[in-house]
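A.B. asks: Take a look at input_20.csv, CSV, C-alpha atoms:
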```csv
chain,number,residue,atom,x,y,z
A,1,MET,CA,113.3,182.0,123.8
A,2,ASN,CA,115.8,179.2,123.3
A,3,ILE,CA,113.2,176.6,124.4
A,4,ALA,CA,110.6,177.9,122.0
A,5,LYS,CA,113.2,177.7,119.2
A,6,LEU,CA,114.0,174.1,120.1
A,7,VAL,CA,110.3,173.1,120.2
A,8,SER,CA,109.6,174.7,116.8
A,9,LEU,CA,112.6,173.0,115.4
A,10,THR,CA,111.6,169.5,116.6
A,11,ALA,CA,108.1,170.1,115.3
A,12,VAL,CA,109.4,171.0,111.9
A,13,ILE,CA,111.7,167.9,111.8
A,14,GLY,CA,108.9,165.7,113.0
A,15,LEU,CA,106.5,167.0,110.5
A,16,SER,CA,108.9,166.5,107.6
A,17,LEU,CA,109.7,163.0,108.8
A,18,THR,CA,106.0,162.2,108.9
A,19,THR,CA,105.4,163.5,105.4
A,20,ALA,CA,108.4,161.5,104.2
A,21,PHE,CA,107.0,158.4,105.8
A,22,ILE,CA,103.5,158.9,104.3
A,23,ALA,CA,105.0,159.6,100.9
A,24,GLN,CA,107.0,156.3,101.2
A,25,ALA,CA,103.8,154.4,102.2
A,26,GLU,CA,102.0,155.8,99.2
A,27,SER,CA,104.8,154.7,96.9
A,28,VAL,CA,103.9,151.0,97.4
A,29,SER,CA,102.0,150.0,94.3
A,30,ASP,CA,98.7,148.1,94.5
A,31,GLU,CA,100.0,145.1,92.6
A,32,LYS,CA,102.6,144.4,95.2
A,33,ILE,CA,100.1,144.0,98.0
A,34,ALA,CA,98.7,140.9,96.4
A,35,THR,CA,101.9,139.2,95.6
A,36,LEU,CA,101.8,136.8,98.5
A,37,ARG,CA,98.5,135.3,97.3
A,38,LEU,CA,99.6,135.5,93.6
A,39,ALA,CA,96.1,136.7,92.7
A,40,PRO,CA,94.1,139.9,92.9
A,41,LEU,CA,92.3,140.3,96.3
A,42,ASP,CA,88.9,139.7,94.8
A,43,VAL,CA,89.8,136.5,93.1
A,44,GLU,CA,90.0,133.1,94.7
A,45,PRO,CA,93.2,131.6,93.4
A,46,THR,CA,93.3,127.8,92.6
A,47,PRO,CA,95.2,126.2,95.5
A,48,PRO,CA,98.3,124.2,94.6
A,49,VAL,CA,98.1,120.5,94.3
A,50,MET,CA,98.3,118.8,97.6
A,51,GLN,CA,101.6,117.1,98.3
A,52,LYS,CA,102.1,113.5,99.2
A,53,VAL,CA,103.3,112.7,102.7
A,54,LEU,CA,106.5,110.7,102.7
A,55,ASN,CA,105.8,107.2,104.1
A,56,THR,CA,109.2,105.6,103.8
A,57,ASP,CA,109.8,104.6,107.4
A,58,ILE,CA,113.4,105.6,106.9
A,59,LYS,CA,115.0,107.7,109.6
A,60,GLN,CA,116.0,111.2,108.4
A,61,VAL,CA,119.3,112.8,109.6
A,62,ARG,CA,118.7,115.6,112.0
A,63,ASN,CA,120.1,119.0,110.9
A,64,TYR,CA,121.4,119.8,114.4
A,65,PRO,CA,121.7,117.6,117.5
A,66,MET,CA,118.7,119.0,119.4
A,67,GLN,CA,116.3,119.0,116.4
A,68,PRO,CA,113.1,117.0,117.1
A,69,PRO,CA,113.3,114.1,114.7
A,70,VAL,CA,110.8,114.3,111.8
A,71,ILE,CA,108.2,111.6,111.3
A,72,PRO,CA,109.0,109.3,108.4
A,73,HIS,CA,105.5,108.0,108.0
A,74,LYS,CA,101.8,109.1,107.5
A,75,ILE,CA,99.9,110.1,110.6
A,76,ASP,CA,96.5,110.6,109.0
A,77,GLY,CA,93.8,110.2,111.6
A,78,TYR,CA,96.1,109.6,114.5
A,79,GLN,CA,94.2,110.7,117.6
A,80,VAL,CA,96.2,112.7,120.1
A,81,ASP,CA,93.9,114.2,122.7
A,82,LEU,CA,93.0,114.0,126.4
A,83,LYS,CA,91.7,110.5,126.0
A,84,VAL,CA,94.4,108.8,123.9
A,85,ASN,CA,97.7,109.3,122.2
A,86,LYS,CA,97.9,107.1,119.1
A,87,CYS,CA,101.6,107.8,118.6
A,88,MET,CA,102.4,106.3,121.9
A,89,SER,CA,100.8,103.0,121.0
A,90,CYS,CA,104.0,102.3,119.1
A,91,HIS,CA,106.6,104.8,120.5
A,92,ALA,CA,106.0,104.4,124.3
A,93,ARG,CA,108.7,102.5,126.2
A,94,LYS,CA,106.4,99.5,126.8
A,95,ARG,CA,105.3,99.3,123.3
A,96,THR,CA,108.6,99.4,121.4
A,97,GLY,CA,109.2,95.6,121.8
A,98,GLU,CA,106.2,94.8,119.7
A,99,SER,CA,106.3,97.7,117.4
A,100,GLN,CA,110.1,98.0,116.9
A,101,ALA,CA,109.6,101.7,116.7
A,102,PRO,CA,112.1,104.1,118.3
A,103,MET,CA,111.2,104.9,121.9
A,104,VAL,CA,110.5,108.6,122.5
A,105,SER,CA,113.6,110.0,124.1
A,106,VAL,CA,114.0,109.9,127.9
A,107,THR,CA,113.5,113.7,128.0
A,108,HIS,CA,109.8,113.0,127.3
A,109,TYR,CA,109.6,111.2,130.6
A,110,MET,CA,111.1,114.1,132.6
A,111,ASP,CA,109.3,117.1,134.1
A,112,ARG,CA,110.8,120.5,134.0
A,113,GLU,CA,112.7,119.9,137.2
A,114,ASN,CA,114.4,117.0,135.5
A,115,ASN,CA,112.6,114.4,137.7
A,116,PHE,CA,112.0,111.2,135.9
A,117,LEU,CA,108.3,110.2,135.6
A,118,ALA,CA,106.8,106.8,135.1
A,119,ASP,CA,104.9,107.9,132.1
A,120,LEU,CA,104.9,110.6,129.4
A,121,SER,CA,105.3,114.1,130.8
A,122,PRO,CA,102.2,116.3,130.2
A,123,ARG,CA,104.4,119.0,128.6
A,124,ARG,CA,105.6,116.6,126.0
A,125,TYR,CA,102.2,115.0,125.3
A,126,PHE,CA,101.3,116.6,122.0
A,127,CYS,CA,103.7,115.1,119.6
A,128,THR,CA,103.0,117.2,116.6
A,129,GLN,CA,104.0,120.3,118.5
A,130,CYS,CA,107.6,119.4,117.7
A,131,HIS,CA,107.5,116.4,115.4
A,132,VAL,CA,106.1,116.6,111.9
A,133,PRO,CA,105.7,114.4,108.9
A,134,GLN,CA,107.5,115.5,105.7
A,135,LEU,CA,106.1,116.2,102.2
A,136,ASP,CA,107.6,115.1,98.9
A,137,ALA,CA,107.6,118.8,97.8
A,138,LYS,CA,109.9,121.3,96.2
A,139,GLU,CA,111.1,124.1,98.5
A,140,LEU,CA,109.0,127.2,98.0
A,141,VAL,CA,111.8,129.4,99.0
A,142,GLY,CA,115.6,128.8,99.0
A,143,ASN,CA,117.2,127.6,102.2
A,144,ASP,CA,120.8,128.5,103.0
A,145,PHE,CA,121.0,126.5,106.2
A,146,VAL,CA,124.5,125.3,106.9
A,147,ASP,CA,125.3,122.3,109.0
A,148,ILE,CA,127.4,123.0,112.1
A,149,ASP,CA,129.9,120.3,111.0
A,150,HIS,CA,130.5,122.3,107.8
A,151,LEU,CA,131.2,125.5,109.8
A,152,ILE,CA,133.6,123.7,112.0
A,153,LYS,CA,135.5,122.2,109.0
A,154,VAL,CA,135.8,125.6,107.3
A,155,LYS,CA,137.1,127.2,110.5
A,156,ALA,CA,139.6,124.4,111.0
A,157,LYS,CA,140.9,124.9,107.5
A,158,GLN,CA,141.4,128.6,108.0
A,159,HIS,CA,143.8,128.0,111.0
B,1,MET,CA,45.9,76.3,130.8
B,2,LEU,CA,46.4,72.7,129.8
B,3,ASP,CA,42.8,72.5,128.8
B,4,LYS,CA,43.1,75.5,126.5
B,5,LEU,CA,46.2,74.0,124.9
B,6,LYS,CA,44.4,70.7,124.4
B,7,LYS,CA,41.5,72.6,122.7
B,8,ILE,CA,43.8,74.4,120.3
B,9,TRP,CA,45.5,71.1,119.5
B,10,GLN,CA,42.2,69.5,118.7
B,11,VAL,CA,41.2,72.3,116.4
B,12,LEU,CA,44.5,72.0,114.6
B,13,ARG,CA,44.2,68.3,114.3
B,14,LYS,CA,40.7,68.4,112.7
B,15,PRO,CA,40.4,68.5,108.9
B,16,SER,CA,39.1,71.8,107.5
B,17,VAL,CA,35.3,71.9,107.1
B,18,HIS,CA,34.6,75.1,105.2
B,19,TYR,CA,37.8,75.7,103.1
B,20,SER,CA,39.1,73.6,100.3
B,21,LEU,CA,42.5,72.0,100.3
B,22,GLY,CA,43.5,74.1,97.3
B,23,PHE,CA,42.6,77.3,99.0
B,24,LEU,CA,44.4,76.4,102.2
B,25,THR,CA,47.7,75.3,100.5
B,26,LEU,CA,47.7,78.1,97.9
B,27,GLY,CA,46.5,80.7,100.4
B,28,GLY,CA,49.1,79.5,102.8
B,29,PHE,CA,51.8,79.8,100.2
B,30,VAL,CA,50.8,83.3,99.1
B,31,ALA,CA,50.4,84.5,102.7
B,32,GLY,CA,53.9,83.0,103.4
B,33,VAL,CA,55.4,84.8,100.5
B,34,ILE,CA,53.8,88.1,101.6
B,35,PHE,CA,54.9,87.6,105.3
B,36,TRP,CA,58.4,86.6,104.4
B,37,GLY,CA,58.8,89.4,101.8
B,38,GLY,CA,57.4,91.9,104.3
B,39,PHE,CA,59.7,90.7,107.0
B,40,ASN,CA,62.8,90.9,104.9
B,41,THR,CA,61.9,94.3,103.5
B,42,ALA,CA,61.4,95.6,107.0
B,43,LEU,CA,64.7,94.1,108.0
B,44,GLU,CA,66.4,95.7,105.1
B,45,VAL,CA,64.9,99.1,105.9
B,46,THR,CA,66.5,98.9,109.3
B,47,ASN,CA,69.8,98.0,107.6
B,48,GLN,CA,70.2,101.3,106.0
B,49,GLU,CA,72.3,104.2,107.0
B,50,ALA,CA,69.4,106.6,106.7
B,51,PHE,CA,67.6,104.5,109.3
B,52,CYS,CA,70.6,104.4,111.7
B,53,ILE,CA,71.1,108.2,111.6
B,54,GLY,CA,67.4,108.7,112.0
B,55,CYS,CA,68.2,109.1,115.7
B,56,HIS,CA,70.2,112.1,116.7
B,57,GLU,CA,72.4,110.0,119.0
B,58,MET,CA,73.9,108.3,115.9
B,59,GLU,CA,73.8,111.3,113.6
B,60,ASN,CA,75.4,113.8,115.9
B,61,ASN,CA,78.1,111.6,117.4
B,62,VAL,CA,79.3,108.5,115.5
B,63,TYR,CA,78.2,109.6,112.1
B,64,GLU,CA,79.9,113.0,112.4
B,65,GLU,CA,83.1,111.2,113.4
B,66,LEU,CA,82.9,108.7,110.5
B,67,LYS,CA,82.7,111.6,108.0
B,68,THR,CA,86.3,112.5,108.7
B,69,THR,CA,87.7,109.1,108.1
B,70,ILE,CA,88.8,107.1,105.0
B,71,HIS,CA,85.8,104.8,105.3
B,72,PHE,CA,83.6,107.8,104.4
B,73,THR,CA,85.5,109.7,101.7
B,74,ASN,CA,88.5,108.5,99.8
B,75,ARG,CA,90.2,108.5,96.4
B,76,SER,CA,88.0,105.7,94.8
B,77,GLY,CA,84.7,106.7,96.3
B,78,VAL,CA,83.9,103.3,97.8
B,79,ARG,CA,82.5,103.8,101.2
B,80,ALA,CA,81.3,101.9,104.2
B,81,THR,CA,77.9,102.6,105.7
B,82,CYS,CA,76.9,101.8,109.3
B,83,PRO,CA,75.6,98.3,108.7
B,84,ASP,CA,78.6,97.3,106.5
B,85,CYS,CA,80.6,97.2,109.7
B,86,HIS,CA,78.1,96.8,112.5
B,87,VAL,CA,75.7,94.2,111.2
B,88,PRO,CA,76.8,90.8,110.1
B,89,HIS,CA,75.9,90.0,106.4
B,90,ASN,CA,75.2,86.3,107.1
B,91,TRP,CA,71.4,85.9,107.7
B,92,THR,CA,71.4,84.0,111.0
B,93,ASP,CA,74.1,86.2,112.5
B,94,LYS,CA,72.2,89.2,111.2
B,95,ILE,CA,69.0,88.1,113.0
B,96,ALA,CA,71.0,87.5,116.2
B,97,ARG,CA,72.5,90.9,116.0
B,98,LYS,CA,69.1,92.5,115.3
B,99,MET,CA,67.7,90.8,118.4
B,100,GLN,CA,70.6,92.2,120.4
B,101,ALA,CA,69.9,95.6,118.9
B,102,SER,CA,66.5,95.7,120.6
B,103,LYS,CA,68.4,96.8,123.6
B,104,GLU,CA,69.3,99.9,121.6
B,105,VAL,CA,65.5,100.7,121.3
B,106,TRP,CA,65.4,100.6,125.1
B,107,GLY,CA,68.3,103.0,125.2
B,108,LYS,CA,66.6,105.3,122.8
B,109,VAL,CA,63.3,105.3,124.7
B,110,PHE,CA,65.0,106.0,128.0
B,111,GLY,CA,67.6,108.4,126.6
B,112,THR,CA,70.7,106.5,127.7
B,113,ILE,CA,73.0,108.5,125.5
B,114,ASN,CA,70.7,111.4,124.4
B,115,THR,CA,73.4,114.1,125.2
B,116,ARG,CA,77.0,114.4,124.1
B,117,GLU,CA,78.1,114.1,127.7
B,118,LYS,CA,76.1,110.9,128.3
B,119,PHE,CA,77.5,109.5,125.1
B,120,GLU,CA,81.1,110.4,126.0
B,121,ALA,CA,80.6,108.7,129.4
B,122,LYS,CA,79.5,105.5,127.8
B,123,ARG,CA,81.9,105.6,124.9
B,124,ARG,CA,84.4,103.2,126.3
B,125,GLU,CA,81.7,100.6,127.2
B,126,LEU,CA,80.0,100.9,123.8
B,127,ALA,CA,83.4,100.6,122.0
B,128,GLU,CA,84.3,97.6,124.1
B,129,HIS,CA,81.1,95.8,122.9
B,130,GLU,CA,82.2,96.3,119.3
B,131,TRP,CA,85.8,95.3,119.9
B,132,ASP,CA,84.6,92.1,121.7
B,133,ARG,CA,82.2,91.3,118.8
B,134,LEU,CA,84.8,91.8,116.1
B,135,LYS,CA,87.5,90.0,118.1
B,136,ALA,CA,85.1,87.0,118.6
B,137,ASN,CA,84.2,86.7,114.9
B,138,ASP,CA,87.8,87.3,113.7
B,139,SER,CA,86.9,90.8,112.4
B,140,LEU,CA,84.4,89.3,109.9
B,141,GLU,CA,82.9,92.7,109.0
B,142,CYS,CA,86.3,94.1,108.1
B,143,ARG,CA,87.1,91.0,106.0
B,144,ASN,CA,83.8,91.3,104.1
B,145,CYS,CA,85.8,93.9,102.1
B,146,HIS,CA,89.4,93.5,103.1
B,147,ASN,CA,90.1,89.9,102.1
B,148,PHE,CA,93.4,88.7,103.4
B,149,ASP,CA,93.8,86.3,100.5
B,150,TYR,CA,93.9,89.1,98.0
B,151,MET,CA,96.1,91.5,99.9
B,152,ASP,CA,99.1,92.6,97.9
B,153,PHE,CA,101.9,93.2,100.4
B,154,THR,CA,104.1,94.9,97.7
B,155,ARG,CA,101.5,97.6,97.4
B,156,GLN,CA,101.4,98.2,101.2
B,157,SER,CA,103.9,100.4,103.1
B,158,THR,CA,106.9,98.6,104.5
B,159,ARG,CA,105.5,98.6,108.0
B,160,ALA,CA,102.0,97.5,107.0
B,161,ALA,CA,103.4,94.7,104.9
B,162,LYS,CA,105.6,93.5,107.8
B,163,MET,CA,102.7,93.4,110.3
B,164,HIS,CA,100.2,91.8,107.9
B,165,SER,CA,102.6,89.2,106.6
B,166,THR,CA,103.5,88.0,110.1
B,167,SER,CA,100.9,88.7,112.9
B,168,LEU,CA,97.8,88.7,110.7
B,169,ALA,CA,98.9,85.9,108.4
B,170,SER,CA,99.6,83.6,111.4
B,171,GLY,CA,96.2,84.3,112.9
B,172,GLU,CA,97.8,85.6,116.0
B,173,LYS,CA,96.2,89.0,115.5
B,174,THR,CA,93.0,90.0,113.9
B,175,CYS,CA,92.2,93.4,112.3
B,176,ILE,CA,90.6,95.0,115.3
B,177,ASP,CA,93.6,94.3,117.5
B,178,CYS,CA,95.5,97.0,115.8
B,179,HIS,CA,92.9,99.0,113.9
B,180,LYS,CA,90.9,100.4,116.7
B,181,GLY,CA,89.4,103.9,116.3
B,182,ILE,CA,89.6,103.9,112.5
B,183,ALA,CA,86.0,105.0,111.9
B,184,HIS,CA,85.1,106.7,115.2
B,185,GLN,CA,87.0,108.5,117.9
B,186,LEU,CA,88.6,106.4,120.6
B,187,PRO,CA,87.5,106.5,124.2
B,188,ASP,CA,90.0,106.8,127.1
B,189,MET,CA,92.3,103.8,126.3
B,190,ALA,CA,93.8,103.4,129.7
B,191,GLY,CA,94.4,99.7,130.2
B,192,VAL,CA,93.5,98.6,126.7
B,193,GLU,CA,96.0,96.2,125.2
B,194,GLY,CA,98.2,97.9,122.7
B,195,PHE,CA,97.9,101.4,124.1
```
Just dump the structure as structure tokens.

C.D. replies:
Amino acid sequence: MNIAKLVSLTAVIGLSLTTAFIAQAESVSDEKIATLRLAPLDVEPTPPVMQKVLNTDIKQVRNYPMQPPVIPHKIDGYQVDLKVNKCMSCHARKRTGESQAPMVSVTHYMDRENNFLADLSPRRYFCTQCHVPQLDAKELVGNDFVDIDHLIKVKAKQH
Amino acid sequence: MLDKLKKIWQVLRKPSVHYSLGFLTLGGFVAGVIFWGGFNTALEVTNQEAFCIGCHEMENNVYEELKTTIHFTNRSGVRATCPDCHVPHNWTDKIARKMQASKEVWGKVFGTINTREKFEAKRRELAEHEWDRLKANDSLECRNCHNFDYMDFTRQSTRAAKMHSTSLASGEKTCIDCHKGIAHQLPDMAGVEGF
């Protein structure tokens, strides 16, 4: 008797929750669905103007110590595949003398057991997995990132 | 053999019996013009992109790769076609290159690179031929458009200006030394200087 009561109770609660959920889902208006594309679904919006890649060759400060440094120049048409790695024609250890480009950090020459290798480690081969060029563009959304130094300073002041 | 040559020589030495001097000189001149015109027209036909990509080897491999580069499409619409880079513009050099290119006819007939795999296997060798040629003529085909004398370093990026005003200006380097793989994909570059 008790068990039957319990079962019916759960069923009732479950049913009401489901209806509430469906009602909520229905309450999302059609216009809001298209907000990310900023155009109705059956209309092809005009894409925004393409932004220029920064080509200043000036090092940018990293936002945190282990951040992969960003690329301060254009990399259009740089071939990085099984056959050749164009980036390394300047950034490889042997090439930095002539190119005066920064050498890729030593971690790129280490395998995952921290053994040093003679050449680039395969797991670090594809540069643009971590390193990207920057655009001269306005932020699309706000960014409230706070540098760790700032946090430390605030904390020190509090004490 | 020698007798035959002697006979031909004797015929050539003899004055003409049936034809007038006017006919021979004027006729010779007209025939010369037609022959020369025809030869040059034929030569120019083989110097067009449409002719180059008439073979699938060129159309499906190198031409497809060129399409993605700045030498095919760019802001000002100036573009390079195959012969702009691969055939010298100077007449004697052009004829020499065309004679070399008869080897490519052989390659076409015997299908040396008639599949993607065969082409990839030969890519390094073929690329090296072009690098050697451009190295030997001081990147002449690049310079037909990119004239060093009229380069404005202030309109180049810092890095480009630095390289061009030093290594290129001194003649220590030529275009192809640094600008490999700008129009087609690079082969395996193991052991190539600068990679």

A.B. asks: For the point (90.9, 98.5, 121.0) in file coordinates, what residues are within 8 Å, counting all atoms listed in the file? Give the answer as number ranges by chain?

C.D. replies: B: 127-128, 131, 176-181, 189, 192-194

A.B. asks: May I ask you to extract the residues of chain B within 9 Å of chain A, using all atoms listed in the file, and to give them as a PyMOL selection string?

C.D. replies: chain B and resi 68-70+157-159+181-182+185-190+194-195

A.B. asks: Hey, can you check how far CA of Leu140 (chain B) sits from CA of Glu44 (chain B)?

C.D. replies: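 Computing it gives 19.7 Å between the two atoms.
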
A.B. asks: For Val104 (chain A), which of A:Ala118, A:Ala137, A:Ile75, A:Cys127 is the closest residue, counting all atoms listed in the file?

C.D. replies: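 For Val104 (chain A), the nearest of the given residues is A:Cys127.
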
A.B. asks: Restricting the calculation to all atoms listed in the file: of B:Leu126, B:Val30, B:Gly171, B:Ala160, which residue gets closest to Glu104 (chain B)?

C.D. replies: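 Going through B:Leu126, B:Val30, B:Gly171, B:Ala160 one by one, the smallest distance to Glu104 (chain B) is for B:Leu126.
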
A.B. asks: Go through A:Ala39, A:Asn63, A:His91, A:Gln51 one by one, measure the shortest atom-to-atom distance of each to Asp149 (chain A) using all atoms listed in the file, and give the residue with the smallest value.

C.D. replies: A:Asn63

A.B. asks: Suppose you want the space between CA of Lys52 (chain A) and CA of Asp149 (chain B); what is it in Å?

C.D. replies: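 Interatomic distance here is 28.5 Å.
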
A.B. asks: List every protein, DNA or RNA residue that has at least one atom no more than 10 Å from (80.0, 99.7, 106.6) in the file's coordinates, counting all atoms listed in the file, and write the result as a PDB file with C-alpha atoms, keeping the file's coordinate frame.

C.D. replies:
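To be explicit, this is the file written out as result.pdb:
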```
ATOM      1  CA  GLN B  48      70.200 101.300 106.000  1.00  0.00           C
ATOM      2  CA  GLU B  49      72.300 104.200 107.000  1.00  0.00           C
ATOM      3  CA  HIS B  71      85.800 104.800 105.300  1.00  0.00           C
ATOM      4  CA  PHE B  72      83.600 107.800 104.400  1.00  0.00           C
ATOM      5  CA  ARG B  79      82.500 103.800 101.200  1.00  0.00           C
ATOM      6  CA  ALA B  80      81.300 101.900 104.200  1.00  0.00           C
ATOM      7  CA  THR B  81      77.900 102.600 105.700  1.00  0.00           C
ATOM      8  CA  CYS B  82      76.900 101.800 109.300  1.00  0.00           C
ATOM      9  CA  PRO B  83      75.600  98.300 108.700  1.00  0.00           C
ATOM     10  CA  ASP B  84      78.600  97.300 106.500  1.00  0.00           C
ATOM     11  CA  CYS B  85      80.600  97.200 109.700  1.00  0.00           C
ATOM     12  CA  HIS B  86      78.100  96.800 112.500  1.00  0.00           C
ATOM     13  CA  VAL B  87      75.700  94.200 111.200  1.00  0.00           C
ATOM     14  CA  GLU B 141      82.900  92.700 109.000  1.00  0.00           C
ATOM     15  CA  CYS B 142      86.300  94.100 108.100  1.00  0.00           C
ATOM     16  CA  ASN B 144      83.800  91.300 104.100  1.00  0.00           C
ATOM     17  CA  CYS B 145      85.800  93.900 102.100  1.00  0.00           C
ATOM     18  CA  ALA B 183      86.000 105.000 111.900  1.00  0.00           C
TER      19      ALA B 183
END
```

A.B. asks: What does the structure give for the distance between CA of Ile53 (chain B) and CA of His146 (chain B), in Å to one decimal?

C.D. replies: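 Spanning CA of Ile53 (chain B) to CA of His146 (chain B) is a straight-line distance of 25.0 Å.
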
A.B. asks: Within 12 Å of Leu168 (chain B), counting all atoms listed in the file, which residues show up once you throw out same-chain ones fewer than 4 positions away? Write them as a list of chain:residue names, please.

C.D. replies: B:Asp138, B:Ser139, B:Arg143, B:Asn147, B:Phe148, B:Asp149, B:Met151, B:Phe153, B:Ala160, B:Ala161, B:Lys162, B:Met163, B:His164, B:Glu172, B:Lys173, B:Thr174, B:Cys175, B:Ile176, B:Asp177, B:Cys178, B:His179

A.B. asks: Which residues are close to Thr112 (chain B), i.e. within 12 Å by all atoms listed in the file, leaving aside same-chain residues fewer than 3 positions away? Reply as a ChimeraX atom specification.

C.D. replies: /B:57,103-109,115-123,126

A.B. asks: Mind completing region 124-141 of chain A with N, CA and C atoms? Output as a PDB file, in the frame of the given file, please?

C.D. replies:
```pdb
ATOM      1  N   ARG A 124     105.113 117.164 127.244  1.00  0.00           N
ATOM      2  CA  ARG A 124     105.600 116.600 126.000  1.00  0.00           C
ATOM      3  C   ARG A 124     104.528 115.704 125.335  1.00  0.00           C
ATOM      4  N   TYR A 125     103.276 115.894 125.744  1.00  0.00           N
ATOM      5  CA  TYR A 125     102.200 115.000 125.300  1.00  0.00           C
ATOM      6  C   TYR A 125     101.842 115.124 123.862  1.00  0.00           C
ATOM      7  N   PHE A 126     101.780 116.360 123.394  1.00  0.00           N
ATOM      8  CA  PHE A 126     101.300 116.600 122.000  1.00  0.00           C
ATOM      9  C   PHE A 126     102.416 116.535 121.021  1.00  0.00           C
ATOM     10  N   CYS A 127     102.567 115.376 120.414  1.00  0.00           N
ATOM     11  CA  CYS A 127     103.700 115.100 119.600  1.00  0.00           C
ATOM     12  C   CYS A 127     103.940 116.054 118.448  1.00  0.00           C
ATOM     13  N   THR A 128     102.851 116.432 117.767  1.00  0.00           N
ATOM     14  CA  THR A 128     103.000 117.200 116.600  1.00  0.00           C
ATOM     15  C   THR A 128     103.365 118.698 116.866  1.00  0.00           C
ATOM     16  N   GLN A 129     103.463 119.026 118.154  1.00  0.00           N
ATOM     17  CA  GLN A 129     104.000 120.300 118.500  1.00  0.00           C
ATOM     18  C   GLN A 129     105.436 120.466 118.028  1.00  0.00           C
ATOM     19  N   CYS A 130     106.173 119.373 118.060  1.00  0.00           N
ATOM     20  CA  CYS A 130     107.600 119.400 117.700  1.00  0.00           C
ATOM     21  C   CYS A 130     107.858 118.487 116.465  1.00  0.00           C
ATOM     22  N   HIS A 131     107.180 117.345 116.402  1.00  0.00           N
ATOM     23  CA  HIS A 131     107.500 116.400 115.400  1.00  0.00           C
ATOM     24  C   HIS A 131     106.462 116.454 114.235  1.00  0.00           C
ATOM     25  N   VAL A 132     106.963 116.497 113.034  1.00  0.00           N
ATOM     26  CA  VAL A 132     106.100 116.600 111.900  1.00  0.00           C
ATOM     27  C   VAL A 132     106.428 115.668 110.772  1.00  0.00           C
ATOM     28  N   PRO A 133     105.440 115.185 110.029  1.00  0.00           N
ATOM     29  CA  PRO A 133     105.700 114.400 108.900  1.00  0.00           C
ATOM     30  C   PRO A 133     106.296 115.275 107.739  1.00  0.00           C
ATOM     31  N   GLN A 134     106.895 114.688 106.743  1.00  0.00           N
ATOM     32  CA  GLN A 134     107.500 115.500 105.700  1.00  0.00           C
ATOM     33  C   GLN A 134     106.767 115.252 104.363  1.00  0.00           C
ATOM     34  N   LEU A 135     106.782 116.296 103.529  1.00  0.00           N
ATOM     35  CA  LEU A 135     106.100 116.200 102.200  1.00  0.00           C
ATOM     36  C   LEU A 135     107.187 115.976 101.148  1.00  0.00           C
ATOM     37  N   ASP A 136     106.761 115.318 100.092  1.00  0.00           N
ATOM     38  CA  ASP A 136     107.600 115.100  98.900  1.00  0.00           C
ATOM     39  C   ASP A 136     107.446 116.344  98.034  1.00  0.00           C
ATOM     40  N   ALA A 137     107.933 117.514  98.500  1.00  0.00           N
ATOM     41  CA  ALA A 137     107.600 118.800  97.800  1.00  0.00           C
ATOM     42  C   ALA A 137     108.889 119.561  97.518  1.00  0.00           C
ATOM     43  N   LYS A 138     108.806 120.376  96.480  1.00  0.00           N
ATOM     44  CA  LYS A 138     109.900 121.300  96.200  1.00  0.00           C
ATOM     45  C   LYS A 138     109.874 122.422  97.207  1.00  0.00           C
ATOM     46  N   GLU A 139     111.068 122.963  97.538  1.00  0.00           N
ATOM     47  CA  GLU A 139     111.100 124.100  98.500  1.00  0.00           C
ATOM     48  C   GLU A 139     110.457 125.302  97.791  1.00  0.00           C
ATOM     49  N   LEU A 140     109.592 125.993  98.523  1.00  0.00           N
ATOM     50  CA  LEU A 140     109.000 127.200  98.000  1.00  0.00           C
ATOM     51  C   LEU A 140     109.932 128.349  97.946  1.00  0.00           C
ATOM     52  N   VAL A 141     110.803 128.415  98.956  1.00  0.00           N
ATOM     53  CA  VAL A 141     111.800 129.400  99.000  1.00  0.00           C
ATOM     54  C   VAL A 141     113.173 128.759  99.242  1.00  0.00           C
TER      55      VAL A 141
END
```
